[in-house]
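J.: One file is attached below, protein-v2.pdb, containing PDB, C-alpha atoms.
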MODEL        1
ATOM      1  CA  MET A  68      79.057  -2.591  -1.319  1.00  0.00           C
ATOM      2  CA  ALA A  69      77.272  -4.113  -4.312  1.00  0.00           C
ATOM      3  CA  LYS A  70      74.592  -6.747  -4.406  1.00  0.00           C
ATOM      4  CA  ILE A  71      74.344  -9.478  -7.004  1.00  0.00           C
ATOM      5  CA  ILE A  72      71.347 -11.746  -7.350  1.00  0.00           C
ATOM      6  CA  VAL A  73      71.623 -15.151  -8.998  1.00  0.00           C
ATOM      7  CA  ASP A  74      68.372 -16.987  -9.758  1.00  0.00           C
ATOM      8  CA  VAL A  75      68.706 -20.698 -10.522  1.00  0.00           C
ATOM      9  CA  HIS A  76      65.866 -22.704 -12.057  1.00  0.00           C
ATOM     10  CA  LEU A  77      65.423 -26.141 -13.549  1.00  0.00           C
ATOM     11  CA  LYS A  78      65.468 -26.013 -17.342  1.00  0.00           C
ATOM     12  CA  ALA A  79      61.986 -25.483 -18.779  1.00  0.00           C
ATOM     13  CA  GLU A  80      61.910 -28.887 -20.472  1.00  0.00           C
ATOM     14  CA  LEU A  81      62.469 -30.722 -17.187  1.00  0.00           C
ATOM     15  CA  LEU A  82      59.662 -31.729 -14.830  1.00  0.00           C
ATOM     16  CA  ASP A  83      59.723 -29.834 -11.537  1.00  0.00           C
ATOM     17  CA  PRO A  84      58.024 -32.157  -9.003  1.00  0.00           C
ATOM     18  CA  GLN A  85      58.335 -29.656  -6.141  1.00  0.00           C
ATOM     19  CA  GLY A  86      56.705 -26.952  -8.247  1.00  0.00           C
ATOM     20  CA  ARG A  87      54.003 -29.404  -9.267  1.00  0.00           C
ATOM     21  CA  ALA A  88      53.248 -30.214  -5.619  1.00  0.00           C
ATOM     22  CA  ILE A  89      53.036 -26.525  -4.718  1.00  0.00           C
ATOM     23  CA  SER A  90      50.785 -25.886  -7.698  1.00  0.00           C
ATOM     24  CA  GLY A  91      48.420 -28.614  -6.443  1.00  0.00           C
ATOM     25  CA  ALA A  92      48.483 -27.209  -2.909  1.00  0.00           C
ATOM     26  CA  LEU A  93      47.719 -23.662  -4.096  1.00  0.00           C
ATOM     27  CA  GLU A  94      44.783 -24.977  -6.097  1.00  0.00           C
ATOM     28  CA  ARG A  95      43.398 -26.965  -3.173  1.00  0.00           C
ATOM     29  CA  LEU A  96      43.708 -23.886  -0.968  1.00  0.00           C
ATOM     30  CA  GLY A  97      41.495 -21.879  -3.261  1.00  0.00           C
ATOM     31  CA  LEU A  98      43.777 -20.395  -5.922  1.00  0.00           C
ATOM     32  CA  THR A  99      42.146 -22.207  -8.835  1.00  0.00           C
ATOM     33  CA  GLU A 100      43.676 -19.852 -11.423  1.00  0.00           C
ATOM     34  CA  VAL A 101      47.154 -21.390 -11.017  1.00  0.00           C
ATOM     35  CA  VAL A 102      48.481 -22.922 -14.231  1.00  0.00           C
ATOM     36  CA  ASP A 103      52.040 -23.786 -13.259  1.00  0.00           C
ATOM     37  CA  VAL A 104      54.602 -23.285 -10.517  1.00  0.00           C
ATOM     38  CA  ARG A 105      58.362 -23.651 -10.824  1.00  0.00           C
ATOM     39  CA  GLN A 106      60.553 -23.610  -7.748  1.00  0.00           C
ATOM     40  CA  GLY A 107      64.088 -22.362  -7.906  1.00  0.00           C
ATOM     41  CA  LYS A 108      66.901 -21.040  -5.769  1.00  0.00           C
ATOM     42  CA  GLN A 109      67.963 -17.462  -5.252  1.00  0.00           C
ATOM     43  CA  PHE A 110      71.398 -16.359  -4.074  1.00  0.00           C
ATOM     44  CA  VAL A 111      71.976 -12.834  -2.815  1.00  0.00           C
ATOM     45  CA  ILE A 112      75.705 -12.132  -2.945  1.00  0.00           C
ATOM     46  CA  GLU A 113      77.262  -9.088  -1.309  1.00  0.00           C
ATOM     47  CA  ILE A 114      80.498  -7.855  -2.780  1.00  0.00           C
ATOM     48  CA  ASN A 115      82.992  -5.532  -1.155  1.00  0.00           C
ATOM     49  CA  GLY A 116      83.495  -2.482  -3.370  1.00  0.00           C
ATOM     50  CA  GLU A 117      82.456  -2.173  -6.982  1.00  0.00           C
ATOM     51  CA  VAL A 118      81.561  -4.958  -9.392  1.00  0.00           C
ATOM     52  CA  THR A 119      84.432  -4.792 -11.868  1.00  0.00           C
ATOM     53  CA  PRO A 120      84.279  -6.673 -15.204  1.00  0.00           C
ATOM     54  CA  GLU A 121      86.724  -9.233 -13.730  1.00  0.00           C
ATOM     55  CA  ILE A 122      84.502  -9.897 -10.718  1.00  0.00           C
ATOM     56  CA  LEU A 123      81.462 -10.159 -12.989  1.00  0.00           C
ATOM     57  CA  GLN A 124      83.216 -12.679 -15.219  1.00  0.00           C
ATOM     58  CA  LYS A 125      84.303 -14.746 -12.225  1.00  0.00           C
ATOM     59  CA  LEU A 126      80.744 -14.624 -10.904  1.00  0.00           C
ATOM     60  CA  GLN A 127      79.296 -15.767 -14.234  1.00  0.00           C
ATOM     61  CA  GLU A 128      81.746 -18.668 -14.201  1.00  0.00           C
ATOM     62  CA  LEU A 129      80.939 -19.678 -10.620  1.00  0.00           C
ATOM     63  CA  SER A 130      77.193 -19.244 -11.165  1.00  0.00           C
ATOM     64  CA  GLY A 131      77.388 -21.761 -13.975  1.00  0.00           C
ATOM     65  CA  ASN A 132      79.500 -24.286 -12.057  1.00  0.00           C
ATOM     66  CA  LEU A 133      79.047 -23.880  -8.324  1.00  0.00           C
ATOM     67  CA  LEU A 134      75.630 -22.264  -7.867  1.00  0.00           C
ATOM     68  CA  SER A 135      73.882 -24.209 -10.606  1.00  0.00           C
ATOM     69  CA  ASN A 136      74.191 -27.568 -12.285  1.00  0.00           C
ATOM     70  CA  PRO A 137      74.628 -26.738 -15.983  1.00  0.00           C
ATOM     71  CA  VAL A 138      73.204 -30.100 -17.035  1.00  0.00           C
ATOM     72  CA  ILE A 139      69.750 -29.488 -15.578  1.00  0.00           C
ATOM     73  CA  GLU A 140      69.624 -25.834 -14.495  1.00  0.00           C
ATOM     74  CA  ASN A 141      69.731 -22.341 -15.952  1.00  0.00           C
ATOM     75  CA  TYR A 142      70.853 -19.276 -14.045  1.00  0.00           C
ATOM     76  CA  GLU A 143      70.200 -15.581 -14.360  1.00  0.00           C
ATOM     77  CA  LEU A 144      72.538 -13.010 -12.853  1.00  0.00           C
ATOM     78  CA  LYS A 145      71.524  -9.464 -11.940  1.00  0.00           C
ATOM     79  CA  VAL A 146      73.712  -6.714 -10.488  1.00  0.00           C
ATOM     80  CA  LEU A 147      71.684  -4.394  -8.201  1.00  0.00           C
TER      81      LEU A 147
ATOM     82  CA  MET B 633      48.619 -15.390 -18.609  1.00  0.00           C
ATOM     83  CA  ALA B 634      50.355 -13.520 -15.804  1.00  0.00           C
ATOM     84  CA  LYS B 635      53.518 -14.381 -13.932  1.00  0.00           C
ATOM     85  CA  ILE B 636      54.062 -13.824 -10.251  1.00  0.00           C
ATOM     86  CA  ILE B 637      57.402 -14.219  -8.555  1.00  0.00           C
ATOM     87  CA  VAL B 638      57.684 -14.902  -4.850  1.00  0.00           C
ATOM     88  CA  ASP B 639      61.150 -14.674  -3.276  1.00  0.00           C
ATOM     89  CA  VAL B 640      61.514 -16.258   0.148  1.00  0.00           C
ATOM     90  CA  HIS B 641      64.535 -15.586   2.366  1.00  0.00           C
ATOM     91  CA  LEU B 642      65.509 -16.272   5.943  1.00  0.00           C
ATOM     92  CA  LYS B 643      65.043 -13.199   8.124  1.00  0.00           C
ATOM     93  CA  ALA B 644      68.153 -11.025   8.190  1.00  0.00           C
ATOM     94  CA  GLU B 645      68.770 -11.595  11.906  1.00  0.00           C
ATOM     95  CA  LEU B 646      68.960 -15.372  11.452  1.00  0.00           C
ATOM     96  CA  LEU B 647      72.138 -17.238  10.556  1.00  0.00           C
ATOM     97  CA  ASP B 648      72.026 -18.785   7.071  1.00  0.00           C
ATOM     98  CA  PRO B 649      74.440 -21.756   7.222  1.00  0.00           C
ATOM     99  CA  GLN B 650      73.914 -22.662   3.555  1.00  0.00           C
ATOM    100  CA  GLY B 651      74.713 -19.109   2.502  1.00  0.00           C
ATOM    101  CA  ARG B 652      77.744 -19.132   4.780  1.00  0.00           C
ATOM    102  CA  ALA B 653      79.027 -22.332   3.161  1.00  0.00           C
ATOM    103  CA  ILE B 654      78.558 -20.892  -0.335  1.00  0.00           C
ATOM    104  CA  SER B 655      80.304 -17.697   0.696  1.00  0.00           C
ATOM    105  CA  GLY B 656      83.292 -19.763   1.854  1.00  0.00           C
ATOM    106  CA  ALA B 657      83.313 -21.779  -1.359  1.00  0.00           C
ATOM    107  CA  LEU B 658      83.184 -18.645  -3.546  1.00  0.00           C
ATOM    108  CA  GLU B 659      86.115 -17.196  -1.598  1.00  0.00           C
ATOM    109  CA  ARG B 660      88.183 -20.370  -1.917  1.00  0.00           C
ATOM    110  CA  LEU B 661      87.473 -20.413  -5.656  1.00  0.00           C
ATOM    111  CA  GLY B 662      88.954 -16.969  -6.110  1.00  0.00           C
ATOM    112  CA  LEU B 663      86.156 -14.503  -5.458  1.00  0.00           C
ATOM    113  CA  THR B 664      87.810 -12.886  -2.448  1.00  0.00           C
ATOM    114  CA  GLU B 665      85.557  -9.809  -2.600  1.00  0.00           C
ATOM    115  CA  VAL B 666      82.541 -11.736  -1.255  1.00  0.00           C
ATOM    116  CA  VAL B 667      81.242 -10.344   2.026  1.00  0.00           C
ATOM    117  CA  ASP B 668      78.067 -12.348   2.510  1.00  0.00           C
ATOM    118  CA  VAL B 669      75.756 -14.780   0.723  1.00  0.00           C
ATOM    119  CA  ARG B 670      72.128 -15.525   1.607  1.00  0.00           C
ATOM    120  CA  GLN B 671      70.340 -18.407  -0.046  1.00  0.00           C
ATOM    121  CA  GLY B 672      66.608 -18.306  -0.563  1.00  0.00           C
ATOM    122  CA  LYS B 673      63.827 -19.835  -2.604  1.00  0.00           C
ATOM    123  CA  GLN B 674      62.115 -18.433  -5.641  1.00  0.00           C
ATOM    124  CA  PHE B 675      58.668 -19.466  -6.847  1.00  0.00           C
ATOM    125  CA  VAL B 676      57.501 -18.574 -10.355  1.00  0.00           C
ATOM    126  CA  ILE B 677      53.705 -18.856 -10.424  1.00  0.00           C
ATOM    127  CA  GLU B 678      51.730 -18.722 -13.658  1.00  0.00           C
ATOM    128  CA  ILE B 679      48.154 -17.533 -13.414  1.00  0.00           C
ATOM    129  CA  ASN B 680      45.423 -18.031 -15.974  1.00  0.00           C
ATOM    130  CA  GLY B 681      44.077 -14.628 -17.003  1.00  0.00           C
ATOM    131  CA  GLU B 682      44.650 -11.367 -15.203  1.00  0.00           C
ATOM    132  CA  VAL B 683      45.838 -10.857 -11.632  1.00  0.00           C
ATOM    133  CA  THR B 684      42.751  -9.394  -9.974  1.00  0.00           C
ATOM    134  CA  PRO B 685      42.933  -7.790  -6.517  1.00  0.00           C
ATOM    135  CA  GLU B 686      41.247 -10.935  -5.099  1.00  0.00           C
ATOM    136  CA  ILE B 687      43.874 -13.230  -6.613  1.00  0.00           C
ATOM    137  CA  LEU B 688      46.637 -10.952  -5.361  1.00  0.00           C
ATOM    138  CA  GLN B 689      45.225 -10.964  -1.843  1.00  0.00           C
ATOM    139  CA  LYS B 690      44.913 -14.753  -1.879  1.00  0.00           C
ATOM    140  CA  LEU B 691      48.485 -14.994  -3.152  1.00  0.00           C
ATOM    141  CA  GLN B 692      49.781 -12.697  -0.405  1.00  0.00           C
ATOM    142  CA  GLU B 693      48.025 -14.900   2.148  1.00  0.00           C
ATOM    143  CA  LEU B 694      49.386 -18.147   0.709  1.00  0.00           C
ATOM    144  CA  SER B 695      52.893 -16.694   0.287  1.00  0.00           C
ATOM    145  CA  GLY B 696      52.923 -15.923   4.004  1.00  0.00           C
ATOM    146  CA  ASN B 697      51.611 -19.328   5.089  1.00  0.00           C
ATOM    147  CA  LEU B 698      52.365 -21.973   2.490  1.00  0.00           C
ATOM    148  CA  LEU B 699      55.385 -20.704   0.556  1.00  0.00           C
ATOM    149  CA  SER B 700      57.201 -19.260   3.547  1.00  0.00           C
ATOM    150  CA  ASN B 701      57.425 -19.908   7.260  1.00  0.00           C
ATOM    151  CA  PRO B 702      56.445 -16.584   8.849  1.00  0.00           C
ATOM    152  CA  VAL B 703      58.419 -17.373  12.022  1.00  0.00           C
ATOM    153  CA  ILE B 704      61.799 -17.459  10.289  1.00  0.00           C
ATOM    154  CA  GLU B 705      61.272 -16.213   6.721  1.00  0.00           C
ATOM    155  CA  ASN B 706      60.285 -13.101   4.826  1.00  0.00           C
ATOM    156  CA  TYR B 707      58.760 -13.099   1.387  1.00  0.00           C
ATOM    157  CA  GLU B 708      58.587 -10.593  -1.435  1.00  0.00           C
ATOM    158  CA  LEU B 709      55.929 -10.819  -4.137  1.00  0.00           C
ATOM    159  CA  LYS B 710      56.278  -9.299  -7.594  1.00  0.00           C
ATOM    160  CA  VAL B 711      53.725  -9.348 -10.420  1.00  0.00           C
ATOM    161  CA  LEU B 712      55.443  -9.402 -13.831  1.00  0.00           C
TER     162      LEU B 712
ENDMDL
END
Let me see the structure of the file written as structure tokens.
T.:
Amino acid sequence: MAKIIVDVHLKAELLDPQGRAISGALERLGLTEVVDVRQGKQFVIEINGEVTPEILQKLQELSGNLLSNPVIENYELKVL
Amino acid sequence: MAKIIVDVHLKAELLDPQGRAISGALERLGLTEVVDVRQGKQFVIEINGEVTPEILQKLQELSGNLLSNPVIENYELKVL
């Protein structure tokens, strides 16, 4: 059993209104040192057996199409 | 400038319908080795200056109250 983690975030050049709201809330609640917050999604995928190069390639493909929107988002894939 | 990452996920004993839907989609799209998918949130927080113990404690507090719902979610905090 292998675990793969895919983190999906809005591209850096795009405004993240949710992150902005959280940043404001953290500041109001006393964390004045906050400069910026970005909110993203995290997928934890469990795979039966080993992560072969074929599975990894398929996962890269699906991370870029299904799990993220390539127009506005970047993804990062980690095998644990 | 320090970066803190907070990962928020539904507790393991709770059903994650979004994760279930993604798991089904991945399978239909050819990744038949998928056993389970859990979807969570990831917050990337930038802090001005160093992460002092006081800031870290405040962050732990806010991660448990503001960034996650302690009734149904767990969080994990990492300082980069």
J.: Selected by the PyMOL selection byres ((chain B) within 7 of (chain A)) in the shown coordinates: which residues, as a ChimeraX atom specification?
T.: /B:665-680
J.: Let's have chain A fitted on chain B; use all the C-alpha atoms paired in order for the least-squares step and return it as a PDB file with C-alpha atoms, in the frame of the given file.
T.:
ATOM      1  CA  MET A  68      48.625 -15.389 -18.620  1.00  0.00           C
ATOM      2  CA  ALA A  69      50.362 -13.508 -15.809  1.00  0.00           C
ATOM      3  CA  LYS A  70      53.509 -14.375 -13.945  1.00  0.00           C
ATOM      4  CA  ILE A  71      54.047 -13.819 -10.247  1.00  0.00           C
ATOM      5  CA  ILE A  72      57.398 -14.211  -8.557  1.00  0.00           C
ATOM      6  CA  VAL A  73      57.668 -14.904  -4.837  1.00  0.00           C
ATOM      7  CA  ASP A  74      61.132 -14.667  -3.268  1.00  0.00           C
ATOM      8  CA  VAL A  75      61.504 -16.248   0.171  1.00  0.00           C
ATOM      9  CA  HIS A  76      64.522 -15.580   2.382  1.00  0.00           C
ATOM     10  CA  LEU A  77      65.514 -16.264   5.957  1.00  0.00           C
ATOM     11  CA  LYS A  78      65.042 -13.188   8.131  1.00  0.00           C
ATOM     12  CA  ALA A  79      68.164 -11.016   8.202  1.00  0.00           C
ATOM     13  CA  GLU A  80      68.771 -11.599  11.910  1.00  0.00           C
ATOM     14  CA  LEU A  81      68.960 -15.371  11.460  1.00  0.00           C
ATOM     15  CA  LEU A  82      72.149 -17.230  10.552  1.00  0.00           C
ATOM     16  CA  ASP A  83      72.041 -18.776   7.082  1.00  0.00           C
ATOM     17  CA  PRO A  84      74.447 -21.758   7.230  1.00  0.00           C
ATOM     18  CA  GLN A  85      73.924 -22.668   3.564  1.00  0.00           C
ATOM     19  CA  GLY A  86      74.720 -19.112   2.505  1.00  0.00           C
ATOM     20  CA  ARG A  87      77.752 -19.136   4.777  1.00  0.00           C
ATOM     21  CA  ALA A  88      79.041 -22.336   3.156  1.00  0.00           C
ATOM     22  CA  ILE A  89      78.570 -20.902  -0.335  1.00  0.00           C
ATOM     23  CA  SER A  90      80.310 -17.700   0.703  1.00  0.00           C
ATOM     24  CA  GLY A  91      83.312 -19.758   1.868  1.00  0.00           C
ATOM     25  CA  ALA A  92      83.331 -21.776  -1.356  1.00  0.00           C
ATOM     26  CA  LEU A  93      83.206 -18.649  -3.543  1.00  0.00           C
ATOM     27  CA  GLU A  94      86.123 -17.196  -1.612  1.00  0.00           C
ATOM     28  CA  ARG A  95      88.195 -20.363  -1.930  1.00  0.00           C
ATOM     29  CA  LEU A  96      87.483 -20.421  -5.662  1.00  0.00           C
ATOM     30  CA  GLY A  97      88.971 -16.992  -6.117  1.00  0.00           C
ATOM     31  CA  LEU A  98      86.161 -14.510  -5.461  1.00  0.00           C
ATOM     32  CA  THR A  99      87.817 -12.889  -2.451  1.00  0.00           C
ATOM     33  CA  GLU A 100      85.563  -9.811  -2.610  1.00  0.00           C
ATOM     34  CA  VAL A 101      82.547 -11.739  -1.264  1.00  0.00           C
ATOM     35  CA  VAL A 102      81.238 -10.339   2.017  1.00  0.00           C
ATOM     36  CA  ASP A 103      78.062 -12.349   2.498  1.00  0.00           C
ATOM     37  CA  VAL A 104      75.756 -14.776   0.730  1.00  0.00           C
ATOM     38  CA  ARG A 105      72.145 -15.529   1.602  1.00  0.00           C
ATOM     39  CA  GLN A 106      70.332 -18.406  -0.040  1.00  0.00           C
ATOM     40  CA  GLY A 107      66.618 -18.309  -0.562  1.00  0.00           C
ATOM     41  CA  LYS A 108      63.833 -19.840  -2.594  1.00  0.00           C
ATOM     42  CA  GLN A 109      62.106 -18.431  -5.632  1.00  0.00           C
ATOM     43  CA  PHE A 110      58.661 -19.456  -6.849  1.00  0.00           C
ATOM     44  CA  VAL A 111      57.494 -18.565 -10.341  1.00  0.00           C
ATOM     45  CA  ILE A 112      53.709 -18.841 -10.426  1.00  0.00           C
ATOM     46  CA  GLU A 113      51.731 -18.729 -13.657  1.00  0.00           C
ATOM     47  CA  ILE A 114      48.171 -17.535 -13.413  1.00  0.00           C
ATOM     48  CA  ASN A 115      45.433 -18.022 -15.967  1.00  0.00           C
ATOM     49  CA  GLY A 116      44.071 -14.627 -17.009  1.00  0.00           C
ATOM     50  CA  GLU A 117      44.634 -11.366 -15.203  1.00  0.00           C
ATOM     51  CA  VAL A 118      45.832 -10.854 -11.643  1.00  0.00           C
ATOM     52  CA  THR A 119      42.744  -9.394  -9.989  1.00  0.00           C
ATOM     53  CA  PRO A 120      42.934  -7.787  -6.515  1.00  0.00           C
ATOM     54  CA  GLU A 121      41.249 -10.930  -5.106  1.00  0.00           C
ATOM     55  CA  ILE A 122      43.867 -13.235  -6.617  1.00  0.00           C
ATOM     56  CA  LEU A 123      46.636 -10.945  -5.371  1.00  0.00           C
ATOM     57  CA  GLN A 124      45.223 -10.980  -1.849  1.00  0.00           C
ATOM     58  CA  LYS A 125      44.916 -14.764  -1.885  1.00  0.00           C
ATOM     59  CA  LEU A 126      48.490 -14.999  -3.149  1.00  0.00           C
ATOM     60  CA  GLN A 127      49.784 -12.704  -0.402  1.00  0.00           C
ATOM     61  CA  GLU A 128      48.013 -14.898   2.141  1.00  0.00           C
ATOM     62  CA  LEU A 129      49.388 -18.149   0.714  1.00  0.00           C
ATOM     63  CA  SER A 130      52.881 -16.685   0.299  1.00  0.00           C
ATOM     64  CA  GLY A 131      52.921 -15.931   4.001  1.00  0.00           C
ATOM     65  CA  ASN A 132      51.599 -19.337   5.081  1.00  0.00           C
ATOM     66  CA  LEU A 133      52.350 -21.974   2.476  1.00  0.00           C
ATOM     67  CA  LEU A 134      55.382 -20.700   0.558  1.00  0.00           C
ATOM     68  CA  SER A 135      57.198 -19.269   3.557  1.00  0.00           C
ATOM     69  CA  ASN A 136      57.423 -19.917   7.262  1.00  0.00           C
ATOM     70  CA  PRO A 137      56.433 -16.599   8.862  1.00  0.00           C
ATOM     71  CA  VAL A 138      58.410 -17.384  12.011  1.00  0.00           C
ATOM     72  CA  ILE A 139      61.794 -17.469  10.287  1.00  0.00           C
ATOM     73  CA  GLU A 140      61.266 -16.217   6.724  1.00  0.00           C
ATOM     74  CA  ASN A 141      60.277 -13.089   4.834  1.00  0.00           C
ATOM     75  CA  TYR A 142      58.746 -13.089   1.378  1.00  0.00           C
ATOM     76  CA  GLU A 143      58.574 -10.593  -1.437  1.00  0.00           C
ATOM     77  CA  LEU A 144      55.923 -10.812  -4.133  1.00  0.00           C
ATOM     78  CA  LYS A 145      56.263  -9.301  -7.602  1.00  0.00           C
ATOM     79  CA  VAL A 146      53.714  -9.343 -10.423  1.00  0.00           C
ATOM     80  CA  LEU A 147      55.441  -9.410 -13.849  1.00  0.00           C
TER      81      LEU A 147
END
J.: What separation in Å, quoted to one decimal, exists between CA of Glu94 in chain A and CA of Lys710 in chain B?
T.: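 Answer for the CA of Glu94 in chain A to CA of Lys710 in chain B separation: 19.5 Å.
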J.: Write out as a list in words which residues come within 10 Å of Ala644 in chain B when counting only C-alpha atoms, dropping same-chain ones fewer than 2 positions away.
T.: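 So the residues in contact are His641, Leu642, Leu646, Leu647, Asp648, Arg670, Ile704, Glu705 and Asn706 of chain B.
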J.: Just the number, please: distance in Å from CA of Gly131 in chain A to CA of Leu144 in chain A, one decimal.
T.: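 Interatomic distance, CA of Gly131 in chain A to CA of Leu144 in chain A: 10.1 Å.
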J.: Distance CA of Gln127 in chain A-CA of Glu143 in chain A, one decimal place?
T.: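 Going from CA of Gln127 in chain A over to CA of Glu143 in chain A covers 9.1 Å.
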